[in-house]
Amino acid sequence: MGKKKKDRSNHISTVISNHFGEIPVADLVTAYRQFPVTARVDLQRALEKIFTDRFESKVYGTHRDYDFSTLKFSDFLEVDSNNPVVMGPLQFDEVDIGEQFPARCLKNALWVCHSESIPFSVLVAVGERHHGDEVTLGIAVPPGETEINLSHTFLQEIEQLVNKSGSYRGKVISLEQGSRYSGKSGAVRVHKLHQVSREDVILPSRTIDLLDRNVKEFIEFRPRLRQLGMAGKKGLLFYGPPGTGKTHTIHYLANQLPEHTTLLITAGQVGLLEEYFLLARFLQPAMVVIEDADLIARDRTTMNSPCEESLLNRLLNEMDGLREDAEILFVLTTNRPEQLESALASRPGRIDQAIEFPLPDADGRKKLLKLYSRGLEISDELLELTVKRIENASPAFIKELMRRAAQRYLQAESTGPLTEEHIKISLEDMLFSGGSLNVKLLGGALSNEAAAVG
């Protein structure tokens, strides 16, 4: 008795063979495009539009038991393989794009299509890379000049649609590695920053004016500057002691620049600099924020290994490699400006303006106390007394002080305005009970008046 013939009716290779008829699968002409994972939603939308508007098509889900490499058309030739590509349900990943519902993107899928009398097929495959997923788009057509022109035209139209879409454009995002607890897919995280108004930014007037000239006014006149042949990119350095409002101001800028995509880069993501800059070019106008820049770009003489220097060189090369007409605003923050590499901090075209974030003066401390007292009433007399007691305190320290005072107020079931006792006990915990380390962590400093609390 002979061997039982294998049933290949559910193999994708059978679908391909039936679709192209007498044309052998091995004779098909294929072309591929690779898209970063950040363009995955835009690619999905482009495919949905082109198949709805232009071509008759049918889509199949593709599956195989051992899925360690990116699927290609050549995989459909292995009809006798122990790991064949078979038809199955369409598989979707839900990708967060910062909206009410995530976008649904096909994972691995094959379309069989017709353009008038020409059969062709389109493949989308998501493959894993060391730095994150990459989406591959492939098209297979019969041999022939007309057919190959169809292939070129199709890929060009897809790229144009992807470039027009920009599902992350105008949002605040960062790239992530590893799993997410939400269960949503994708290496992009969309941040929902709290709203920060101009009144919430408590800085000296000269700092605010300098910030406005270099951000708001620069962006307002950037189109006209570019007409004069001047650069559309700009680099800012925010420096000052911890807790003085550098990150808070970035939230304010992100709210004030709704047309800009904001990319947040932390020290743990420096290995993704290339992907960040690629994304900034695609989604411009963009604001690229590099927090704690001294961890990446500290002076070469203090570096411990060639790996650290290579990261610095990558940052410098990426900033230099941008075209003059790139509409990208760089904002670097540091608590230790003296440790920055001079090639970054002292060269115009990379950093054009340094902006100091000092500890607040008496007027600033009063405004901060009012801001962070929220819905609690605080008398002018207590305000003045507290302002003297928290000399050299940072905005972060003042914010925590008012939170603790509010907690004391609620625990005591108090009514009416805050009292000196609420402030006094909170200062006691922050300045004395926790020791000098606690003072340093909270960004505070003792004054003679504060010491008198004890």
# chains A, B, ... in the order shown; residues from 1 in each chain; ligands from 1

call {"tool": "residues_around", "arguments": {"residues": "range 114-124 of chain A", "least_positions_apart": "4", "cutoff": "8 Å", "atoms": "only C-alpha atoms", "output": "short mmCIF file (atom, residue, chain, number, x, y, z; two decimals) with N, CA, C and O atoms, in the first residue's frame"}}
result
data_model
loop_
_atom_site.label_atom_id
_atom_site.label_comp_id
_atom_site.auth_asym_id
_atom_site.auth_seq_id
_atom_site.Cartn_x
_atom_site.Cartn_y
_atom_site.Cartn_z
N ILE A 16 -1.20 30.56 -3.79
CA ILE A 16 -0.35 31.30 -4.73
C ILE A 16 -0.36 30.63 -6.11
O ILE A 16 -0.51 31.29 -7.15
N HIS A 19 -3.62 31.18 -7.87
CA HIS A 19 -3.83 32.59 -8.25
C HIS A 19 -3.05 32.94 -9.52
O HIS A 19 -3.57 33.63 -10.40
N PHE A 20 -1.80 32.46 -9.61
CA PHE A 20 -0.98 32.82 -10.77
C PHE A 20 -1.13 31.83 -11.93
O PHE A 20 -0.53 32.03 -13.00
N PHE A 55 -7.80 48.12 -6.04
CA PHE A 55 -7.59 46.77 -6.53
C PHE A 55 -8.58 45.76 -5.94
O PHE A 55 -8.91 45.83 -4.76
N GLU A 56 -8.97 44.82 -6.77
CA GLU A 56 -9.76 43.68 -6.31
C GLU A 56 -8.81 42.73 -5.58
O GLU A 56 -7.75 42.38 -6.10
N SER A 57 -9.16 42.29 -4.39
CA SER A 57 -8.23 41.48 -3.61
C SER A 57 -8.96 40.59 -2.61
O SER A 57 -10.13 40.81 -2.29
N LYS A 72 8.78 35.38 3.77
CA LYS A 72 9.06 35.88 2.43
C LYS A 72 8.33 35.00 1.41
O LYS A 72 7.89 33.89 1.74
N PHE A 73 8.21 35.49 0.19
CA PHE A 73 7.54 34.70 -0.85
C PHE A 73 8.27 33.40 -1.12
O PHE A 73 7.65 32.39 -1.48
N LEU A 106 -2.62 44.01 11.05
CA LEU A 106 -2.38 42.62 10.68
C LEU A 106 -0.95 42.23 11.00
O LEU A 106 -0.01 43.00 10.78
N LYS A 107 -0.79 41.01 11.49
CA LYS A 107 0.54 40.54 11.87
C LYS A 107 1.26 39.93 10.68
O LYS A 107 2.29 40.42 10.24
N ASN A 108 0.76 38.84 10.11
CA ASN A 108 1.30 38.23 8.91
C ASN A 108 0.12 37.91 7.99
O ASN A 108 -0.77 37.16 8.38
N ALA A 109 0.13 38.47 6.80
CA ALA A 109 -1.03 38.31 5.93
C ALA A 109 -0.59 38.36 4.47
O ALA A 109 0.43 38.97 4.12
N LEU A 110 -1.40 37.70 3.64
CA LEU A 110 -1.14 37.65 2.20
C LEU A 110 -2.39 38.07 1.45
O LEU A 110 -3.49 37.58 1.72
N VAL A 135 8.63 45.88 10.04
CA VAL A 135 7.55 45.43 9.17
C VAL A 135 8.06 45.35 7.75
O VAL A 135 8.62 46.32 7.22
N THR A 136 7.86 44.20 7.12
CA THR A 136 8.29 44.00 5.74
C THR A 136 7.07 43.93 4.84
O THR A 136 6.12 43.19 5.13
N LEU A 137 7.09 44.71 3.77
CA LEU A 137 6.04 44.68 2.75
C LEU A 137 6.65 44.13 1.48
O LEU A 137 7.67 44.64 0.99
N GLY A 138 6.05 43.08 0.93
CA GLY A 138 6.55 42.47 -0.29
C GLY A 138 5.47 42.40 -1.35
O GLY A 138 4.27 42.34 -1.04
N ILE A 139 5.87 42.44 -2.62
CA ILE A 139 4.93 42.29 -3.73
C ILE A 139 5.54 41.33 -4.74
O ILE A 139 6.74 41.38 -5.02
N ALA A 140 4.71 40.42 -5.26
CA ALA A 140 5.14 39.45 -6.26
C ALA A 140 4.29 39.64 -7.51
O ALA A 140 3.05 39.70 -7.44
N VAL A 141 4.95 39.72 -8.68
CA VAL A 141 4.25 39.90 -9.95
C VAL A 141 4.84 38.93 -10.97
O VAL A 141 5.97 38.46 -10.81
N PRO A 142 4.10 38.62 -12.02
CA PRO A 142 4.67 37.80 -13.10
C PRO A 142 5.81 38.54 -13.78
O PRO A 142 5.92 39.77 -13.69
N GLU A 147 4.32 44.32 -15.79
CA GLU A 147 4.11 43.78 -14.45
C GLU A 147 5.08 44.40 -13.43
O GLU A 147 4.69 44.74 -12.30
#

call {"tool": "residues_around", "arguments": {"residues": "range 357-369 of chain A", "least_positions_apart": "4", "cutoff": "8 Å", "atoms": "only C-alpha atoms", "output": "PyMOL selection string"}}
result
chain A and resi 202-204+207+238-241+244-246+373+383-384+387-388+391-395+398-399+402

call {"tool": "write_last_selection", "arguments": {"atoms": "N, CA and C atoms", "output": "short mmCIF file (atom, residue, chain, number, x, y, z; two decimals), in the first residue's frame"}}
result
data_model
loop_
_atom_site.label_atom_id
_atom_site.label_comp_id
_atom_site.auth_asym_id
_atom_site.auth_seq_id
_atom_site.Cartn_x
_atom_site.Cartn_y
_atom_site.Cartn_z
N ILE A 202 6.61 78.76 36.84
CA ILE A 202 7.11 79.78 37.74
C ILE A 202 8.62 79.88 37.57
N LEU A 203 9.04 80.83 36.75
CA LEU A 203 10.45 81.07 36.49
C LEU A 203 10.70 82.57 36.51
N PRO A 204 11.95 82.99 36.69
CA PRO A 204 12.24 84.44 36.60
C PRO A 204 11.82 84.97 35.24
N THR A 207 14.12 84.45 32.34
CA THR A 207 14.17 83.08 31.84
C THR A 207 12.99 82.82 30.93
N PHE A 238 18.77 73.09 28.76
CA PHE A 238 18.18 73.50 30.03
C PHE A 238 19.09 72.98 31.15
N TYR A 239 19.61 73.88 31.99
CA TYR A 239 20.49 73.43 33.06
C TYR A 239 20.13 74.12 34.37
N GLY A 240 20.43 73.45 35.46
CA GLY A 240 20.14 73.98 36.78
C GLY A 240 20.05 72.87 37.79
N PRO A 241 19.93 73.20 39.07
CA PRO A 241 19.86 72.17 40.11
C PRO A 241 18.65 71.26 39.92
N THR A 244 14.23 72.08 39.63
CA THR A 244 13.98 73.51 39.37
C THR A 244 12.99 73.74 38.23
N GLY A 245 12.41 72.69 37.67
CA GLY A 245 11.33 72.87 36.71
C GLY A 245 11.69 72.62 35.26
N LYS A 246 12.81 71.95 35.00
CA LYS A 246 13.22 71.70 33.61
C LYS A 246 12.23 70.78 32.91
N SER A 373 -0.68 74.97 46.68
CA SER A 373 -1.66 74.83 47.76
C SER A 373 -3.01 74.39 47.21
N LEU A 383 2.08 82.82 54.21
CA LEU A 383 2.87 82.78 52.99
C LEU A 383 4.23 83.43 53.20
N GLU A 384 4.25 84.63 53.75
CA GLU A 384 5.49 85.35 53.97
C GLU A 384 6.41 84.59 54.92
N VAL A 387 7.81 81.52 53.07
CA VAL A 387 8.80 81.92 52.06
C VAL A 387 10.17 82.12 52.70
N LYS A 388 10.23 82.72 53.87
CA LYS A 388 11.51 82.92 54.56
C LYS A 388 12.09 81.60 55.04
N GLU A 391 14.03 79.27 52.14
CA GLU A 391 15.03 79.88 51.25
C GLU A 391 15.92 78.79 50.66
N ASN A 392 16.25 78.91 49.36
CA ASN A 392 17.07 77.93 48.62
C ASN A 392 16.34 76.62 48.33
N ALA A 393 15.03 76.60 48.55
CA ALA A 393 14.26 75.39 48.23
C ALA A 393 13.92 75.38 46.74
N SER A 394 13.87 74.17 46.18
CA SER A 394 13.51 74.03 44.76
C SER A 394 11.99 73.95 44.62
N PRO A 395 11.49 74.16 43.40
CA PRO A 395 10.05 73.97 43.18
C PRO A 395 9.57 72.58 43.57
N ILE A 398 9.02 72.55 47.27
CA ILE A 398 7.83 73.30 47.66
C ILE A 398 6.57 72.50 47.33
N LYS A 399 6.57 71.82 46.20
CA LYS A 399 5.41 71.00 45.82
C LYS A 399 5.19 69.90 46.85
N MET A 402 3.81 71.31 50.26
CA MET A 402 2.38 71.62 50.27
C MET A 402 1.54 70.35 50.25
#

call {"tool": "residues_around", "arguments": {"residues": "Phe277 in chain A", "least_positions_apart": "3", "cutoff": "9 Å", "atoms": "only C-alpha atoms", "output": "PyMOL selection string"}}
result
chain A and resi 272-274+280-282+288+318-319+322

call {"tool": "write_last_selection", "arguments": {"atoms": "N, CA, C and O atoms", "output": "PDB file, in the first residue's frame"}}
result
ATOM      1  N   LEU A 272      18.837  53.651  21.177  1.00  0.00           N
ATOM      2  CA  LEU A 272      17.843  53.816  20.120  1.00  0.00           C
ATOM      3  C   LEU A 272      17.936  55.190  19.454  1.00  0.00           C
ATOM      4  O   LEU A 272      16.999  55.619  18.775  1.00  0.00           O
ATOM      5  N   LEU A 273      19.069  55.867  19.628  1.00  0.00           N
ATOM      6  CA  LEU A 273      19.197  57.219  19.073  1.00  0.00           C
ATOM      7  C   LEU A 273      18.928  57.243  17.573  1.00  0.00           C
ATOM      8  O   LEU A 273      18.259  58.154  17.067  1.00  0.00           O
ATOM      9  N   GLU A 274      19.456  56.266  16.851  1.00  0.00           N
ATOM     10  CA  GLU A 274      19.277  56.249  15.405  1.00  0.00           C
ATOM     11  C   GLU A 274      17.806  56.177  15.036  1.00  0.00           C
ATOM     12  O   GLU A 274      17.337  56.883  14.132  1.00  0.00           O
ATOM     13  N   ALA A 280      12.150  61.394  14.061  1.00  0.00           N
ATOM     14  CA  ALA A 280      12.037  62.860  14.094  1.00  0.00           C
ATOM     15  C   ALA A 280      12.008  63.423  12.682  1.00  0.00           C
ATOM     16  O   ALA A 280      11.237  64.358  12.387  1.00  0.00           O
ATOM     17  N   ARG A 281      12.826  62.868  11.791  1.00  0.00           N
ATOM     18  CA  ARG A 281      12.815  63.341  10.403  1.00  0.00           C
ATOM     19  C   ARG A 281      11.461  63.070   9.753  1.00  0.00           C
ATOM     20  O   ARG A 281      10.941  63.904   9.002  1.00  0.00           O
ATOM     21  N   PHE A 282      10.913  61.899  10.027  1.00  0.00           N
ATOM     22  CA  PHE A 282       9.652  61.505   9.407  1.00  0.00           C
ATOM     23  C   PHE A 282       8.483  62.330   9.923  1.00  0.00           C
ATOM     24  O   PHE A 282       7.573  62.699   9.166  1.00  0.00           O
ATOM     25  N   VAL A 288      12.767  67.078  19.997  1.00  0.00           N
ATOM     26  CA  VAL A 288      13.474  65.923  20.539  1.00  0.00           C
ATOM     27  C   VAL A 288      14.040  66.311  21.899  1.00  0.00           C
ATOM     28  O   VAL A 288      14.856  67.233  21.995  1.00  0.00           O
ATOM     29  N   GLU A 318      24.389  62.461  14.503  1.00  0.00           N
ATOM     30  CA  GLU A 318      22.976  62.585  14.144  1.00  0.00           C
ATOM     31  C   GLU A 318      22.551  64.048  14.098  1.00  0.00           C
ATOM     32  O   GLU A 318      21.825  64.477  13.199  1.00  0.00           O
ATOM     33  N   MET A 319      23.020  64.830  15.081  1.00  0.00           N
ATOM     34  CA  MET A 319      22.656  66.250  15.094  1.00  0.00           C
ATOM     35  C   MET A 319      23.298  66.974  13.909  1.00  0.00           C
ATOM     36  O   MET A 319      22.682  67.854  13.292  1.00  0.00           O
ATOM     37  N   LEU A 322      21.575  66.211  10.232  1.00  0.00           N
ATOM     38  CA  LEU A 322      20.274  66.765   9.855  1.00  0.00           C
ATOM     39  C   LEU A 322      20.456  67.888   8.840  1.00  0.00           C
ATOM     40  O   LEU A 322      21.361  68.720   8.967  1.00  0.00           O
TER      41      LEU A 322
END

call {"tool": "select_by_dssp", "arguments": {"residues": "range 63-124 of chain A", "states": "strand (DSSP E or B)", "output": "PyMOL selection string"}}
result
chain A and resi 63+86-88+92-95+103-106+108-115+118-124

call {"tool": "closest_atom_pairs", "arguments": {"of": "range 225-340 of chain A", "to": "range 184-200 of chain A", "cutoff": "12 Å", "atoms": "only C-alpha atoms", "output": "tab-separated table"}}
result
residue	atom	partner	partner_atom	distance
A:Gly245	CA	A:Asp200	CA	10.4
A:Thr247	CA	A:Leu193	CA	11.1
A:His248	CA	A:Val196	CA	7.9
A:Thr249	CA	A:Val196	CA	8.1
A:Ile250	CA	A:Val196	CA	9.4
A:His251	CA	A:Val196	CA	6.4
A:Tyr252	CA	A:Val196	CA	4.9
A:Leu253	CA	A:Val196	CA	8.5
A:Ala254	CA	A:Leu193	CA	8.4
A:Asn255	CA	A:Gln195	CA	6.6
A:Gln256	CA	A:Ser197	CA	8.4
A:Leu257	CA	A:Val196	CA	12.0
A:Pro258	CA	A:Gln195	CA	11.9
A:Thr261	CA	A:Val190	CA	10.7
A:Thr262	CA	A:His191	CA	9.6
A:Leu263	CA	A:Val190	CA	9.6
A:Leu264	CA	A:His191	CA	9.3
A:Ile265	CA	A:Arg189	CA	11.6
A:Gln269	CA	A:Ala187	CA	12.0
A:Leu272	CA	A:Ala187	CA	11.2
A:Glu275	CA	A:Ala187	CA	11.1
A:Tyr276	CA	A:Val188	CA	10.7
A:Leu279	CA	A:Val188	CA	10.9

call {"tool": "write_last_selection", "arguments": {"atoms": "N, CA, C and O atoms", "output": "compact mmCIF listing (two decimals), in the first residue's frame"}}
result
# COMPACT_ATOMS: atom_id res chain seq x y z
N GLY A 245 12.41 72.69 37.67
CA GLY A 245 11.33 72.87 36.71
C GLY A 245 11.69 72.62 35.26
O GLY A 245 10.94 73.00 34.36
N THR A 247 11.91 69.65 33.54
CA THR A 247 10.95 68.72 32.95
C THR A 247 9.55 69.33 32.91
O THR A 247 8.80 69.15 31.94
N HIS A 248 9.18 70.06 33.94
CA HIS A 248 7.88 70.73 33.99
C HIS A 248 7.74 71.69 32.82
O HIS A 248 6.67 71.76 32.18
N THR A 249 8.81 72.41 32.49
CA THR A 249 8.78 73.35 31.37
C THR A 249 8.65 72.63 30.04
O THR A 249 8.01 73.12 29.11
N ILE A 250 9.25 71.45 29.93
CA ILE A 250 9.12 70.66 28.71
C ILE A 250 7.66 70.26 28.51
O ILE A 250 7.14 70.28 27.38
N HIS A 251 6.96 69.92 29.58
CA HIS A 251 5.53 69.63 29.48
C HIS A 251 4.78 70.87 28.97
O HIS A 251 3.87 70.75 28.14
N TYR A 252 5.18 72.02 29.46
CA TYR A 252 4.56 73.27 29.01
C TYR A 252 4.80 73.48 27.52
O TYR A 252 3.86 73.81 26.76
N LEU A 253 6.04 73.27 27.06
CA LEU A 253 6.36 73.45 25.65
C LEU A 253 5.58 72.47 24.78
O LEU A 253 5.09 72.83 23.70
N ALA A 254 5.47 71.21 25.23
CA ALA A 254 4.72 70.22 24.46
C ALA A 254 3.27 70.63 24.29
O ALA A 254 2.66 70.40 23.24
N ASN A 255 2.70 71.25 25.33
CA ASN A 255 1.32 71.74 25.24
C ASN A 255 1.21 72.94 24.32
O ASN A 255 0.17 73.16 23.70
N GLN A 256 2.29 73.73 24.23
CA GLN A 256 2.25 74.95 23.43
C GLN A 256 2.58 74.70 21.96
O GLN A 256 2.41 75.59 21.14
N LEU A 257 3.06 73.49 21.65
CA LEU A 257 3.46 73.16 20.28
C LEU A 257 2.65 71.98 19.76
O LEU A 257 3.19 70.90 19.51
N PRO A 258 1.34 72.14 19.61
CA PRO A 258 0.49 71.01 19.23
C PRO A 258 0.80 70.44 17.86
O PRO A 258 0.49 69.28 17.59
N THR A 261 5.59 66.96 16.98
CA THR A 261 5.68 65.66 17.64
C THR A 261 6.82 65.74 18.65
O THR A 261 7.94 66.16 18.29
N THR A 262 6.56 65.38 19.89
CA THR A 262 7.59 65.42 20.93
C THR A 262 8.11 64.01 21.18
O THR A 262 7.33 63.11 21.46
N LEU A 263 9.43 63.84 21.08
CA LEU A 263 10.06 62.55 21.32
C LEU A 263 10.89 62.65 22.59
O LEU A 263 11.80 63.49 22.69
N LEU A 264 10.57 61.81 23.57
CA LEU A 264 11.26 61.83 24.86
C LEU A 264 12.31 60.73 24.90
O LEU A 264 11.98 59.55 24.78
N ILE A 265 13.57 61.10 25.11
CA ILE A 265 14.66 60.14 25.17
C ILE A 265 15.27 60.19 26.57
O ILE A 265 15.77 61.24 26.99
N GLN A 269 17.56 54.81 26.98
CA GLN A 269 17.17 54.59 25.59
C GLN A 269 18.20 55.11 24.59
O GLN A 269 17.92 55.23 23.40
N LEU A 272 18.84 53.65 21.18
CA LEU A 272 17.84 53.82 20.12
C LEU A 272 17.94 55.19 19.45
O LEU A 272 17.00 55.62 18.77
N GLU A 275 17.05 55.31 15.75
CA GLU A 275 15.62 55.19 15.48
C GLU A 275 14.88 56.47 15.84
O GLU A 275 13.95 56.89 15.13
N TYR A 276 15.29 57.12 16.94
CA TYR A 276 14.65 58.38 17.34
C TYR A 276 14.85 59.47 16.27
O TYR A 276 13.91 60.20 15.92
N LEU A 279 12.78 58.81 13.23
CA LEU A 279 11.39 59.14 13.50
C LEU A 279 11.18 60.65 13.51
O LEU A 279 10.17 61.16 13.01

call {"tool": "decode", "arguments": {"residues": "range 203-228 of chain A", "atoms": "N, CA and C atoms", "output": "tab-separated table (two decimals), in the first residue's frame"}}
result
chain	number	residue	atom	x	y	z
A	203	LEU	N	9.04	80.83	36.75
A	203	LEU	CA	10.45	81.07	36.49
A	203	LEU	C	10.70	82.57	36.51
A	204	PRO	N	11.95	82.99	36.69
A	204	PRO	CA	12.24	84.44	36.60
A	204	PRO	C	11.82	84.97	35.24
A	205	SER	N	11.42	86.22	35.20
A	205	SER	CA	10.90	86.81	33.96
A	205	SER	C	11.94	86.76	32.84
A	206	ARG	N	13.21	86.92	33.17
A	206	ARG	CA	14.24	86.88	32.13
A	206	ARG	C	14.36	85.48	31.53
A	207	THR	N	14.12	84.45	32.34
A	207	THR	CA	14.17	83.08	31.84
A	207	THR	C	12.99	82.82	30.93
A	208	ILE	N	11.81	83.27	31.34
A	208	ILE	CA	10.61	83.10	30.50
A	208	ILE	C	10.77	83.83	29.17
A	209	ASP	N	11.31	85.05	29.22
A	209	ASP	CA	11.50	85.83	27.98
A	209	ASP	C	12.48	85.13	27.05
A	210	LEU	N	13.56	84.59	27.61
A	210	LEU	CA	14.56	83.89	26.81
A	210	LEU	C	13.96	82.63	26.20
A	211	LEU	N	13.13	81.95	26.96
A	211	LEU	CA	12.47	80.74	26.49
A	211	LEU	C	11.53	81.07	25.33
A	212	ASP	N	10.76	82.15	25.48
A	212	ASP	CA	9.83	82.54	24.43
A	212	ASP	C	10.56	82.91	23.14
A	213	ARG	N	11.66	83.65	23.26
A	213	ARG	CA	12.39	84.07	22.05
A	213	ARG	C	12.97	82.87	21.30
A	214	ASN	N	13.40	81.87	22.04
A	214	ASN	CA	14.08	80.74	21.42
A	214	ASN	C	13.16	79.59	21.05
A	215	VAL	N	11.93	79.64	21.49
A	215	VAL	CA	11.00	78.57	21.13
A	215	VAL	C	9.80	79.16	20.38
A	216	LYS	N	8.94	79.83	21.11
A	216	LYS	CA	7.69	80.33	20.51
A	216	LYS	C	7.95	81.26	19.33
A	217	GLU	N	8.79	82.27	19.55
A	217	GLU	CA	9.03	83.24	18.48
A	217	GLU	C	9.86	82.64	17.35
A	218	PHE	N	10.82	81.78	17.69
A	218	PHE	CA	11.62	81.13	16.65
A	218	PHE	C	10.74	80.29	15.73
A	219	ILE	N	9.83	79.50	16.32
A	219	ILE	CA	8.95	78.66	15.50
A	219	ILE	C	7.99	79.52	14.68
A	220	GLU	N	7.55	80.64	15.24
A	220	GLU	CA	6.66	81.54	14.51
A	220	GLU	C	7.33	82.08	13.25
A	221	PHE	N	8.61	82.40	13.36
A	221	PHE	CA	9.32	83.00	12.22
A	221	PHE	C	10.16	81.99	11.44
A	222	ARG	N	10.09	80.71	11.81
A	222	ARG	CA	10.92	79.72	11.14
A	222	ARG	C	10.66	79.63	9.63
A	223	PRO	N	9.40	79.64	9.15
A	223	PRO	CA	9.20	79.60	7.70
A	223	PRO	C	9.90	80.75	6.97
A	224	ARG	N	9.85	81.95	7.54
A	224	ARG	CA	10.48	83.09	6.88
A	224	ARG	C	12.00	83.02	6.98
A	225	LEU	N	12.50	82.47	8.09
A	225	LEU	CA	13.95	82.27	8.22
A	225	LEU	C	14.45	81.28	7.17
A	226	ARG	N	13.66	80.25	6.93
A	226	ARG	CA	14.06	79.26	5.94
A	226	ARG	C	14.05	79.87	4.54
A	227	GLN	N	13.12	80.80	4.27
A	227	GLN	CA	13.10	81.47	2.97
A	227	GLN	C	14.38	82.28	2.75
A	228	LEU	N	14.98	82.73	3.85
A	228	LEU	CA	16.23	83.47	3.77
A	228	LEU	C	17.44	82.54	3.71
